[in-house]
Structures are given as structure tokens and as C-alpha cells.
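Colleague: I'd like to ask you about the structure that follows.
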Amino acid sequence: MRRVQTSFLGVAFFALVFSCNSGPRADGGTLDMGVEPLRLATPRKLLPFVPLEDGRVLAAGGHDGQRTLSSCEVFEPETGMWSLTGSMHKARRNHAVVRLLDGRVLVTGGTQVVAPGALADAEVYSLASGLWTQVAPMFEARNDPSALLLPDGRVLVAGGTDADRRPLRSAELFDPMTGTWAPATPPGFVRGGAGTAVMLAQGKALFVSGLQAELYDVATGRWEKAGFAGGAAGTHRQGHSVTLLPDGRVLVVGGGTARASSTAEVYDALTGLWTLVAAPSVAREHHAAVVTPEGQVLVLGGEHPMAGALASVERFDPMTGQWASAPALTEPRGLPGALTLRDGSVLLVGGANEVAGMLDTSEQYLPTGCVPVTCETREATCGAVPDGCGGMLECAPCVVEGCDAQQCRAEGLTRR
């Protein structure tokens with residue numbers, strides 16, 4: 001496996017992108033009409049990225065380092081380009097995003113400001129129009145809630161924090177058919193965090209955050225504890241990853257405490273037990289985790305308690321319970337977005353690091369194989385140069401002033 005620079009084959013000309021809104025972006029930003037492959041129009045973090053039904057990827061809102069955003073972008077895998085789409089009615093970060101069974105996307109909750117605050121507003125994105133429609137608000141304003149699509153098409157939203165940053169021990173259900181919310185049985189413990197819940201094959205949803213994991217039974221609407229408090233690691237988890245494995249077990253990695261950041265554990269829904277597995281070689285939190293086509297798990301980027309943002313990537317094998325190092329990302333990314341695309345590659349988006357600050361770049365990571373860069377995407381490149389995949393590119397001849405003819409030919413140069 002090799003890392004891949006931010007480029008796509010066949011992209012030689014850049015298209016102008018435009019917003020579906022005719023006026024200025026709702027977050028007050030201006031539209032930069034110069035775009036390049038894999039580059040966002042706006043740096044973004046603190047948002048979930050969601051794969052759309054047609055294979056594209058939606059980035060809705062987030063934070064650009066200075067303000068909360070209402071603007072949205074869509075990634076087209078075939079061209080490697082991000083383009084602006086319709087803006088949300090309200091700027092938000094730390095919100096929940098769920099793709100509905102009919103292909104629409106529900107966005108709910110979050111906050112608009114760095115200071116304490118929370119939103120109850122919800123809206124739905126249509127792929128056909130590229131526009132957002134407001135739906136009924138939640139009963140409670142929720143910042144950083146957990147949200148999960150249930151098999152019957154409803155969406156369960158649980159926990160989060162209120163406008164004063166107090167943890168919420170409540171839940172509610174969204175019905176896409178009516179666009180309305182209904183109260184749900186409250187969990188036994190406070191919940192929160194994007195990507196911290198998965199749907200199990202047994203008709204129960206597993207929520208893993210805080211000190212006690214819980215199961216929500218879709219049929220009965222009741223909650224129950226999932227194993228002992230703290231799991232096998234015996235620790236509180238926040239800023240961790242929760243990944244459903246192909247065999248139905250669940251892998252939990254990292255988190256904000258010293259114990260959490262350096263451990264990994266697996267939950268077995270059949271036995272209801274947590275088991276510690278081998279620890280990853282790098283302690284991390286606020287990372288991304290995806291399942292590869294081969295059924296292994298890649299843990300990418302994130303933040304180290306001492307070293308800061310990470311470019312490190314590790315691979316977990318569910319069959320052996322062991323970790324192996326993988327080639328690093330092209331740049332460190334804390335709080336990145338990551339999704340597996342239909343071709344098996346992983347799209348890493350946004351985030352931040354100590355050197356570059358907020359990132360407006362993306363990169364394509366190939367779990368098995370490599371996509372070579374092209375001369376067109378290596379600006380000012382000439383002569384023979386590495387293609388990033390072990391081969392060489394033969395780009396345009398290099399031109400220098402007053403080069404001796406024999407020397408030029410020997411060095412692959414052209415005299416001006």
C-alpha cells in the first residue's frame with residue numbers, strides 16, 4: 001500500500017464551480033472560482049462527511065478556523081473535484097448527519113458559535129435539486145449528538161449537550177415520511193459524538209461513548225447496558241472511533257484519556273462481552289477509521305497527546321487481532337473526515353495540523369495499490385520525475401537559458 005499525492009488521472013483542465021444559490025454564500029464567504037483536484041473551496045473541520053447514494057460525498061457546514069459555515073460542497077470521485085452546492089438554512093458545526101433510505105440527507109443539531117450553544121433545527125438535502133428543506137425541529141437543542149439510521153428508516157438521535165454544555169440524557173426519533181420528531185425512551189447514560197453508534201445484525205443499535213456502552217432495541221424501544229462500565233479497557237471514551245466489522249463485532253479505538261488513546265477493544269454482540277485486543281503502536285484520538293474491501297480496518301491520522309496531529313496510519317486485522325503499520329498520509333490531519341469510495345480507495349478530507357492550520361486539501365489513500373500522479377498535476381515539473389508509485393514520469397523537456405547543446409541532450413534539457 002502506498003500513499004498518493006492529491007491528484008487524479010485524466011484531470012488536465014479545471015472547471016469553474018458555482019453555488020446552487022444565486023446570491024452570496026450564507027456564511028458570508030466569497031466564492032473562489034479557481035479550483036484544483038481534491039481541494040475544498042473552504043477549509044472544514046467539526047463536521048461529518050456522508051457518502052451520497054450516487055457515490056459522491058457531501059460536506060455540509062463545519063468550521064473553517066474562524067467561523068461556523070452554512071456552505072456545502074460535493075465531491076465527484078470520477079473527476080476528483082469538489083464543487084459548491086446549495087447552502088444550509090443555518091450555519092452549524094458538531095452536528096449529526098444521516099443519509100436516509102430514500103437517498104436524502106438529514107442534518108440536525110450542532111452549534112453556531114464557539115461559546116456554549118446548541119441547535120434544535122433540522123433540514124434535509126435533496127440530491128436531485130441540490131437544495132435544503134427545513135423540517136420540524138427536535139424537541140431539544142443538541143450539540144454533538146449521536147445519530148443512527150434504523151432499519152425501518154427512522155433516525156434515532158441521542159444525547160449531546162445543551163446550550164450550556166450540560167450533557168443530555170434523552171433521545172428522539174425522526175420519521176422521514178412525515179418530517180416530524182417523536183420522543184424516544186431516554187438512555188440510561190449520557191451519549192454523544194458523531195460516528196459513535198452502529199447498527200447490529202440482532203436488531204439492536206450499539207452506542208459507545210462515555211463510560212458505559214448501551215444497546216437500543218429497535219423492536220421494543222428500550223435501552224440496556226452493553227457489558228461492564230468502561231468495557232474491557234475500563235476507561236471513559238471520547239474522541240474515539242467505533243467501527244462495525246464484517247463479522248458483526250465492533251472495534252473501538254482510541255480516545256481522550258491516556259488509557260483510551262493507547263488501547264483498542266472489540267465488542268461481541270453474541271456474547272455481550274468486550275475483549276481487549278493488541279494495542280495500536282500509536283496512541284491517538286480524533287482520528288478516522290474505515291473498513292477496507294478486504295475487511296480490515298484502517299485507522300488514519302488523528303491527534304497524539306504529545307506529538308499533536310498525526311500522519312500515521314495503522315491497519316487492524318480482525319482475523320488475528322493484530323496491528324500493522326501502513327504508509328503515512330501526505331500530511332498530518334487531526335479531526336479528518338474519511339470515507340471508503342466505490343473503487344475501494346479512501347478519501348481523507350479536511351482537518352487541521354500545527355503547521356498548516358486548517359486544511360482545505362483532500363487526499364486519496366489506496367489500501368491496495370497506487371494511483372500515479374501526472375505531469376499536469378505536478379506544476380512546473382519537467383524531465384523525468386517519480387510518479388509516486390515506483391515508476392517514472394516523462395514530462396515536458398526542461399528549458400534553460402544558454403544551455404550547451406551536448407549538455408542539454410545529456411541532461412534531458414532543451415536550449416531556449
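We name chains A, B, ... following the order of the C-alpha cells; residues begin at 1 in each chain, and ligands are numbered from 1 as shown.
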Using backbone DSSP assignments, extract all strand (DSSP E) residues from range 252-402 of chain A; output them as a PyMOL selection string.
Modeller: chain A and resi 252-253+264-268+273-276+288-291+297-300+303-304+308-309+313-317+322-326+337-340+346-349+352-353+357-358+362-365+384-386+392-394+398-400
Colleague: Restricting the calculation to only C-alpha atoms: of A:Pro77, A:Gly62, A:Pro280, A:Gly210, which residue gets closest to Gly110 in chain A?
Modeller: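 Of A:Pro77, A:Gly62, A:Pro280, A:Gly210, the one nearest Gly110 in chain A, counting only C-alpha atoms, is A:Gly62.
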Colleague: Excluding range 330-338 of chain A and any residue of its chain fewer than 5 positions from it, enumerate the residues within 9 Å of it, using only C-alpha atoms, and give them as a ChimeraX atom specification.
Modeller: /A:3-6,44-49,285-290,300-304,308-312,346-354,359,363
Colleague: Could you name the residues that touch range 150-161 of chain A at 6 Å or less, counting only C-alpha atoms, but leaving out those on the same chain fewer than 5 positions away, as a ChimeraX atom specification?
Modeller: /A:101,142-145,166-175,190-192
Colleague: Using only C-alpha atoms, which residues sit within 6 Å of range 38-42 of chain A once same-chain residues fewer than 4 positions away are excluded, as a PDB file with all heavy atoms, in the first residue's frame?
Modeller:
ATOM      1  N   GLY A  80     -12.428  13.934  -9.311  1.00  0.00           N
ATOM      2  CA  GLY A  80     -11.589  14.358  -8.211  1.00  0.00           C
ATOM      3  C   GLY A  80     -11.833  15.785  -7.782  1.00  0.00           C
ATOM      4  O   GLY A  80     -11.004  16.373  -7.092  1.00  0.00           O
ATOM      5  N   MET A  81     -12.984  16.360  -8.149  1.00  0.00           N
ATOM      6  CA  MET A  81     -13.255  17.765  -7.887  1.00  0.00           C
ATOM      7  C   MET A  81     -14.325  17.935  -6.806  1.00  0.00           C
ATOM      8  O   MET A  81     -15.288  17.180  -6.737  1.00  0.00           O
ATOM      9  CB  MET A  81     -13.729  18.469  -9.158  1.00  0.00           C
ATOM     10  CG  MET A  81     -12.792  18.324 -10.350  1.00  0.00           C
ATOM     11  SD  MET A  81     -11.194  19.121 -10.120  1.00  0.00           S
ATOM     12  CE  MET A  81     -11.675  20.841 -10.267  1.00  0.00           C
ATOM     13  N   TRP A  82     -14.145  18.970  -5.970  1.00  0.00           N
ATOM     14  CA  TRP A  82     -15.178  19.442  -5.063  1.00  0.00           C
ATOM     15  C   TRP A  82     -15.872  20.636  -5.712  1.00  0.00           C
ATOM     16  O   TRP A  82     -15.216  21.484  -6.315  1.00  0.00           O
ATOM     17  CB  TRP A  82     -14.577  19.899  -3.741  1.00  0.00           C
ATOM     18  CG  TRP A  82     -14.110  18.798  -2.838  1.00  0.00           C
ATOM     19  CD1 TRP A  82     -12.851  18.285  -2.764  1.00  0.00           C
ATOM     20  CD2 TRP A  82     -14.894  18.100  -1.867  1.00  0.00           C
ATOM     21  NE1 TRP A  82     -12.798  17.300  -1.811  1.00  0.00           N
ATOM     22  CE2 TRP A  82     -14.036  17.168  -1.240  1.00  0.00           C
ATOM     23  CE3 TRP A  82     -16.225  18.169  -1.456  1.00  0.00           C
ATOM     24  CZ2 TRP A  82     -14.474  16.315  -0.234  1.00  0.00           C
ATOM     25  CZ3 TRP A  82     -16.662  17.321  -0.452  1.00  0.00           C
ATOM     26  CH2 TRP A  82     -15.788  16.403   0.150  1.00  0.00           C
ATOM     27  N   ASP A 360      -7.629  22.755   3.660  1.00  0.00           N
ATOM     28  CA  ASP A 360      -8.656  22.721   2.618  1.00  0.00           C
ATOM     29  C   ASP A 360      -8.342  21.640   1.582  1.00  0.00           C
ATOM     30  O   ASP A 360      -8.959  21.582   0.531  1.00  0.00           O
ATOM     31  CB  ASP A 360      -8.800  24.076   1.934  1.00  0.00           C
ATOM     32  CG  ASP A 360      -7.532  24.510   1.191  1.00  0.00           C
ATOM     33  OD1 ASP A 360      -6.525  23.780   1.260  1.00  0.00           O
ATOM     34  OD2 ASP A 360      -7.566  25.571   0.557  1.00  0.00           O
ATOM     35  N   THR A 361      -7.390  20.775   1.910  1.00  0.00           N
ATOM     36  CA  THR A 361      -6.976  19.723   0.983  1.00  0.00           C
ATOM     37  C   THR A 361      -7.652  18.392   1.314  1.00  0.00           C
ATOM     38  O   THR A 361      -8.091  18.156   2.434  1.00  0.00           O
ATOM     39  CB  THR A 361      -5.454  19.513   1.047  1.00  0.00           C
ATOM     40  OG1 THR A 361      -5.081  19.203   2.397  1.00  0.00           O
ATOM     41  CG2 THR A 361      -4.720  20.762   0.594  1.00  0.00           C
ATOM     42  N   SER A 362      -7.718  17.544   0.313  1.00  0.00           N
ATOM     43  CA  SER A 362      -8.127  16.155   0.469  1.00  0.00           C
ATOM     44  C   SER A 362      -6.997  15.294  -0.079  1.00  0.00           C
ATOM     45  O   SER A 362      -6.094  15.792  -0.746  1.00  0.00           O
ATOM     46  CB  SER A 362      -9.411  15.868  -0.323  1.00  0.00           C
ATOM     47  OG  SER A 362     -10.414  16.806  -0.040  1.00  0.00           O
TER      48      SER A 362
END
Colleague: Which of these residues is nearest to Lys90 in chain A, using only C-alpha atoms: A:Trp132, A:Trp274, A:Phe189, A:Phe75?
Modeller: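 When distances to Lys90 in chain A are compared using only C-alpha atoms, the smallest one comes from A:Trp132.
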Colleague: Could you tell me which of A:Val218, A:Ala269, A:Ala194, A:Ala324 comes closest to Gly239 in chain A if we count only C-alpha atoms?
Modeller: A:Ala194
Colleague: Excluding Gly130 in chain A and any residue of its chain fewer than 3 positions from it, enumerate the residues within 7 Å of it, using only C-alpha atoms, and give them as a PyMOL selection string.
Modeller: chain A and resi 20+85-86+125-127
Colleague: Give me the residues within 8 Å of Gly295 in chain A as number ranges by chain, counting only C-alpha atoms and dropping any in the same chain fewer than 4 places off.
Modeller: A: 245-246, 291, 317-318
Colleague: Could you tell me which of A:Ala141, A:Cys72, A:Ala136, A:Val266 comes closest to Gly109 in chain A if we count only C-alpha atoms?
Modeller: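 Answer, going by the shortest atom-to-atom distance: A:Ala141.
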Colleague: Using only C-alpha atoms, which of A:Leu100, A:Ala147, A:Ala213, A:Ala229 sits nearest Met177 in chain A?
Modeller: A:Leu100
